[in-house]
Amino acid sequence: MLDCGMHMGYNDDRRFPDFSYITQNGRLTDFLDCVIISHFHLDHCGALPYFSEMVGYDGPIYMTHPTKAICPILLEDYRKITVDKKGETNFFTSQMIKDCMKKVVAVHLHQTVQVDDELEIKAYYAGHVLGAAMFQIKVGSESVAYTGDYNMTPDRHLGAAWIDKCRPDLLISESTYATTIRDSKRCRERDFLKKVHETVERGGKSSRVSWPNSASRWQVLIPVFALGRAQELCILLETFWERMNLKAPIYFSTGLTEKANHYYKLFITWTNQKIRKTFVQRNMFEFKHIKAFDRAFADNPGPMVVFATPGMLHAGQSLQIFRKWAGNEKNMVIMPGYCVQGTVGHKILSGQRKLEMEGRQILEVKMQVEYMSFSAHADAKGIMQLIRQAEPRNVLLVHGEAKKMEFLKQKIEQEFHVNCYMPANGETTTFFTNPNIPVDISLGLLKRETALGPLPDAKKPKLMHGTLIMKDNSFRLVSPEQALKELGLAEHQLRFTCRVHIQDPRKEHETVLRVYNHLKGILKDYSVQHLPDGSIMVESILIQATAHSEDQGTKVLLVSWTYQDEELGSYLTSLLKKGLPQSTG
Amino acid sequence: MKLYCLSGHPTLPCNVLKFKSTTIMLDCGLDMTSALNFLPLPLVQSPRLSKLPGWVLKDGNTFLDKELKDCSGHVFVDSVPEFCLPETELLDLSTVDVILISNYHCMMALPYITECTGFTGTVYATEPTVQIGRLLMEELVNSIERVPKAQSASLWKNKEVQRLLPAPLKDAVEVSTWRRCYTMPEVNSALSKIQLVGYSQKIELFGAVQVTPLSSGYALGSSNWIIQSHYEKVSYVSGSSLLTTHPQPMDQASLKNSDVLILTGLTQIPTANPDGMVGEFCNNLAMTVRSGGNVLVPCYPSGVIYDLLECLYQYIDSAGLSNVPFYFISPVANSSLEFSQIFAEWLCHNKQTKVYLPEPPFPHAELIQTNKLKHYPSIHGDFSNDFKQPCVVFTGHPSLRFGDVVHFMELWGKSSLNTIIFTEPDFSYLDALAPYQPLAMKCVYCPIDTRLNFIQVSKLLKEVQPLHVVCPEQYTQPPPTQSHRTDLMIDCQPPPMSYRRAEVLTLPFKRRYEKIEIMPELADSLVPLEIKPGISLATVSAVLHTKDNKHVLQLPPKPAQPPASKKRKRVNDDLPECKPLKPLLSGAIPVDQFVQALEK
């Protein structure tokens with residue numbers, strides 16, 4: 001099973017996947033060899049404790065070390081919001097998260113993990129967030145590559161996704177930004193900084209004139225998830241504040257910040273090359289300008305920038321602050337990432353300005369709403385680039401919107417001439433592979449073939465002859481002689497002999513010479529020899545001539561060949577039966 | 001399959017394996033014991049060392065007195081220290097395809113190999129190995145370049161001259177291969193040829209051979225290597241440990257079913273128990289400090305020092321040493337301490353769990369935070385202001401010939417209150433101390449070598465059952481100083497094949513099969529015939545395609561139509577183009593049936 005996520009847009013049963021698709025009544029463990037989690041975002045791992053502890057699964061769960069470290073924290077956070085704040089019951093407990101994590105096996109990048117005798121998996125770096133991985137899944141010579149979420153351009157804290165030319169039979173790729181081709185990162189960063197700067201700067205100037213009215217604020221809300229984009233944007237603002245010598249406070253909302261940054265420090269080998277290289281001198285995740293946020297600060301009048309979780313404004317502190325600030329047109333909310341349908345984030349991004357909140361309350365949104373794609377997904381260009389890198393035989397798109405995926409699907413089919421699928425939920429896609437069959441070849445036979453070296457005529461392929469021994473599912477290719485010897489079989493010789501009468505009054509040896517010249521003229525690609533004992537050899541076929549005992553004008557040609565040379569033998573007889581051409585000299 | 005043995009040092013190996021069509025170098029260790037023959041390089045002008053008398057031959061000849069000095073009754077070479085390189089003449093090292101590194105101690109000769117032999121291949125190593133290896137090389141280059149010495153001695157190396165010298169110079173081997181230390185540009189260039197790999201990563205070499213690093217449990221990122229094709233498996237075990245220290249435990253299971261197991265890098269102190277040594281280390285340290293003395297610990301900047309700091313972290317409060325400053329002095333001290341904290345994935349389970357919290361895996365982070373442990377790049381600068389005695393100093397180099405340790409030997413050697421504790425096993429402590437004699441300071445020898453001992457080796461071999469074992473000759477006989485201890489050698493059946501420097505071994509291998517793939521179209525055309533119950537035969541006539549050492553069998557192509565005149569064409573059409581093989585003829589001949597058929 002690839003990933004085990006939850007849907008942020010739902011608060012009922014639909015938030016978790018329907019595992020009855022796997023089995024209606026059996027145990028999940030009997031149907032799944034393993035579970036692979038690509039990264040710690042809840043839409044990829046949010047249903048894990050529900051799946052393993054409430055539905056029931058005891059097999060191995062694979063994820064990278066950073067994911068294993070961070071995943072339980074986000075799950076616990078999610079559980080708290082759902083159970084403690086919203087008061088839902090019938091949800092997984094803290095203990096279940098712990099029990100679930102005990103089933104996790106951590107994997108290294110590029111390590112080949114042998115799941116069982118046949119199945120092996122291998123993780124590749126995916127960028128996107130700390131510890132995100134793509135996985136190659138292989139059985140024999142057939143393989144599938146699964147990307148999870150990935151990013152093909154390095155950002156301020158992570159590197160770019162990379163996979164080798166593994167030529168999988170199927171590549172399953174996310175397609176969040178199936179039709180987007182984003183401008184350069186630098187432009188987006190500049191835009192972002194400009195917007196934040198303008199807002200807090202205007203506020204800074206006005207506050208000097210003093211605004212007793214607390215409604216006049218210049219505040220920027222940036223809803224983020226605690227780990228991931230938050231760190232990138234923090235690095236961005238931190239360096240900008242430092243360079244511009246800005247004074248407006250920047251806050252980070254949850255208590256998770258420090259802990260989150262600590263993870264980045266300890267897993268620094270997963271960040272980009274620049275950060276890794278300089279971490280001894282300066283750790284990029286120790287921020288000077290960014291401080292912890294206190295709930296009371298939200299009512300402060302002055303300009304400020306606040307990073308608050310969660311990123312889609314569907315619950316928690318970001319939503320609280322949003323409700324407080326939404327009514328003021330001087331404020332701004334910057335959505336740095338994708339928002340799933342059903343969330344407040346999605347609603348305001350699609351232009352909705354009157355939101356129905358809990359208790360039928362209507363919230364009017366007057367603050368500026370900005371969208372900046374900082375979420376680290378590959379864009380259309382990136383997806384194409386990954387396909388070029390991996391060279392799959394089939395592509396399957398997931399994790400996107402149908403219309404956009406349809407466009408990308410056509411583009412992929414045009415450019416790479418491979419089948420591309422985009423199944424809907426609950427749909428099964430079937431495709432066929434045609435793998436080669438591995439066989440053991442005796443080294444003697446192989447060496448005999450390769451020792452002959454490159455063929456003089458590359459256009460005419462040379463045949464290799466061998467015998468395939470099939471025994472208890474093992475296949476061995478050996479020379480025919482060895483096969484017979486091994487099986488204790490004696491080989492029979494089957495020879496065909498044929499007499500062809502030819503009218504030729506000349507002496508025997510002259511007839512032979514005529515036959516020889518004739519055959520040599522026709523059989524240009526064959527070895528035709530005139531032997532000293534007066535016979536002719538065409539490859540291994542013997543031809544002898546004797547005078548007819550009764551009629552000296554008739555010569556009898558004796559043609560003799562083995563069963564193996566049947567084609568050539570019968571061809572020669574029928575050729576000779578047509579007689580010899582009239583000699584010219 | 002051949003094994004070229006380029007190093008005679010069992011724990012600093014350098015071997016080249018020729019396997020199928022590949023040439024693979026296994027480690028390139030640098031034997032630094034040669035440095036013991038040289039005078040120490042003092043950081044601060046030392047009147048004692050600068051006024052040593054030149055050495056004079058018995059017959060009064062003084063032609064060597066510039067190169068050789070008499071010091072404390074021993075003769076030392078007065079020049080930049082030199083190191084003993086692996087053999088470079090035994091085979092053309094430019095033909096080496098890849099170099100596999102097992103741990104950071106076994107890569108110190110890398111710049112000599114990659115920069116001076118025409119090597120054009122790739123080096124494979126894990127990330128911690130490369131990062132810490134770089135630190136070791138940086139420290140080495142730094143401590144030698146900091147003390148420029150104009151003189152380089154070469155007269156004494158002449159075979160005729162060397163014969164006349166006193167021991168141990170007289171007996172020094174391979175002096176012609178001794179070289180001065182490399183430079184930082186060479187180190188950087190060498191390290192740029194390394195490709196990073198992770199444990200259990202399968203790396204294809206030219207499609208012919210697959211190599212895989214496995215955790216060896218000895219140091220951060222240390223690995224054993226599996227070199228295998230479809231039918232042959234060679235295990236290279238170098239520097240492994242079964243003790244639970246900070247690295248990930250050793251992966252033994254993957255070594256099973258080897259045809260050949262090359263075994264190097266066993267413990268250099270087979271009679272000492274590392275745990276006992278750590279206890280002794282702590283006791284001696286506490287005793288010295290309590291009586292007002294200083295403790296000097298010559299050490300490498302990474303490795304056992306992490307474990308010692310962890311022990312001290314648990315020990316200092318209970319031993320009442322909370323106010324004693326611990327100093328770690330090395331140009332790479334800070335980097336080493338920082339790097340140790342970021343390799344969570346390469347650590348033992350307990351340390352990984354700490355990272356998940358998230359907390360730094362090593363407690364020296366706390367020692368630094370609470371100011372109990374301080375680190376400095378050298379004795380110059382901040383250190384001289386902060387320096388308080390009594391104290392404990394960790395510094396290099398363990399040979400006592402260069403690095404900041406030389407200064408502390410000169411400073412503390414004359415007082416019997418002070419103690420030097422040897423923990424690194426690479427150098428004989430008596431030889432290391434020779435140029436400082438007579439010494440008043442106490443010497444304690446607590447060598448900590450966590451690598452496999454002979455009992456563990458025999459258990460390991462029983463467990464993984466290789467067909468053949470190959471090892472340095474030193475492991476096939478008891479140590480020369482303890483010739484009665486027949487338990488201190490490798491005991492296995494069949495007896496191990498041993499090698500020595502500059503020897504070439506032919507490994508007992510008989511390759512009989514190779515992997516080949518049959519294309520599905522060809523497979524469809526085969527007609528299997530059941531010859532005996534459960535055994536079927538099919539004759540195969542196919543075209544062999546070989547690319548990147550991978551073999552594929554394809555259907556013979558359909559004959560192409562020759563573009564010729566009509567007449568010619570007719571003739572050619574009749575020609576049987578290629579001959580599909582007929583089934584083998586064998587088995588009983590039903591003569592009667594045959595005759596009956598003929599009669600019809």
# chains A, B, ... in the order shown; residues from 1 in each chain; ligands from 1
$ residues_around --residues "Ala402 of chain A" --least-positions-apart "6" --cutoff "12 Å" --atoms "only C-alpha atoms" --output "ChimeraX atom specification"
/A:175-179,408-409,421-425
$ interface_residues --of "chain A" --to "chain B" --cutoff "7 Å" --atoms "only C-alpha atoms" --output "PyMOL selection string"
chain A and resi 65+69+108-112+259+262-263+266-269+280+434-443+461-472+489-492+564+567-568
$ select_by_dssp --residues "segment 485-523 of chain B" --states "strand (DSSP E or B)" --output "list in words"
Met497, Ser498, Tyr499, Glu503, Val504, Leu505, Thr506, Tyr513, Glu514, Lys515, Ile516, Glu517 and Ile518 of chain B
$ write_last_selection --atoms "N, CA, C and O atoms" --output "CSV table (one decimal), in the first residue's frame"
chain,number,residue,atom,x,y,z
B,497,MET,N,43.6,-18.8,3.8
B,497,MET,CA,44.7,-18.5,2.9
B,497,MET,C,45.3,-17.2,3.4
B,497,MET,O,44.5,-16.3,3.6
B,498,SER,N,46.6,-17.1,3.5
B,498,SER,CA,47.1,-15.9,4.1
B,498,SER,C,47.9,-15.1,3.0
B,498,SER,O,48.3,-15.7,2.0
B,499,TYR,N,48.0,-13.8,3.2
B,499,TYR,CA,48.7,-13.0,2.3
B,499,TYR,C,49.7,-12.0,3.0
B,499,TYR,O,49.5,-11.8,4.2
B,503,GLU,N,52.1,-9.6,-2.4
B,503,GLU,CA,51.8,-10.9,-2.9
B,503,GLU,C,50.6,-10.9,-3.7
B,503,GLU,O,49.7,-10.1,-3.6
B,504,VAL,N,50.5,-11.9,-4.6
B,504,VAL,CA,49.3,-12.0,-5.5
B,504,VAL,C,48.7,-13.4,-5.2
B,504,VAL,O,49.4,-14.4,-5.3
B,505,LEU,N,47.4,-13.4,-4.7
B,505,LEU,CA,46.8,-14.7,-4.5
B,505,LEU,C,45.8,-15.0,-5.6
B,505,LEU,O,45.1,-14.1,-6.1
B,506,THR,N,45.7,-16.3,-6.0
B,506,THR,CA,44.7,-16.7,-6.9
B,506,THR,C,43.6,-17.3,-6.0
B,506,THR,O,43.9,-18.3,-5.3
B,513,TYR,N,28.3,-20.7,-14.2
B,513,TYR,CA,27.1,-20.2,-14.9
B,513,TYR,C,27.1,-18.7,-14.9
B,513,TYR,O,27.8,-18.0,-14.2
B,514,GLU,N,26.3,-18.2,-15.8
B,514,GLU,CA,26.1,-16.7,-16.0
B,514,GLU,C,24.7,-16.5,-16.2
B,514,GLU,O,24.0,-17.4,-16.7
B,515,LYS,N,24.2,-15.3,-15.9
B,515,LYS,CA,22.8,-15.0,-16.1
B,515,LYS,C,22.6,-14.5,-17.5
B,515,LYS,O,23.4,-13.8,-18.1
B,516,ILE,N,21.5,-15.0,-18.1
B,516,ILE,CA,21.1,-14.6,-19.5
B,516,ILE,C,19.6,-14.4,-19.5
B,516,ILE,O,18.9,-15.1,-18.7
B,517,GLU,N,19.1,-13.5,-20.3
B,517,GLU,CA,17.7,-13.3,-20.3
B,517,GLU,C,17.1,-13.8,-21.7
B,517,GLU,O,17.8,-13.5,-22.7
B,518,ILE,N,16.0,-14.4,-21.7
B,518,ILE,CA,15.4,-14.8,-22.9
B,518,ILE,C,14.2,-13.9,-23.2
B,518,ILE,O,13.3,-13.7,-22.3
$ residues_around --residues "Lys2 of chain B" --least-positions-apart "5" --cutoff "12 Å" --atoms "only C-alpha atoms" --output "MDAnalysis selection string"
chainID B and resid 15:25 91 234 260 470 499 503:509
$ write_last_selection --atoms "C-alpha atoms" --output "tab-separated table (two decimals), in the first residue's frame"
chain	number	residue	atom	x	y	z
B	15	ASN	CA	44.04	-4.95	-1.56
B	16	VAL	CA	43.03	-5.11	-5.18
B	17	LEU	CA	40.51	-7.71	-6.30
B	18	LYS	CA	40.19	-8.70	-9.93
B	19	PHE	CA	36.77	-10.21	-10.35
B	20	LYS	CA	35.10	-10.88	-13.67
B	21	SER	CA	36.08	-7.93	-15.81
B	22	THR	CA	36.43	-5.44	-12.93
B	23	THR	CA	39.39	-4.27	-10.86
B	24	ILE	CA	38.32	-3.26	-7.38
B	25	MET	CA	40.56	-1.74	-4.72
B	91	LEU	CA	50.02	-3.66	-10.66
B	234	VAL	CA	32.99	-12.27	-1.96
B	260	VAL	CA	35.36	-16.12	-0.19
B	470	VAL	CA	41.55	-15.01	3.20
B	499	TYR	CA	48.72	-12.96	2.25
B	503	GLU	CA	51.81	-10.93	-2.85
B	504	VAL	CA	49.27	-12.01	-5.45
B	505	LEU	CA	46.77	-14.70	-4.46
B	506	THR	CA	44.70	-16.71	-6.87
B	507	LEU	CA	41.39	-17.24	-5.16
B	508	PRO	CA	39.79	-20.66	-5.41
B	509	PHE	CA	36.84	-19.99	-7.62
$ residues_around --residues "segment 312-323 of chain A" --least-positions-apart "6" --cutoff "6 Å" --atoms "only C-alpha atoms" --output "count of residues only"
5
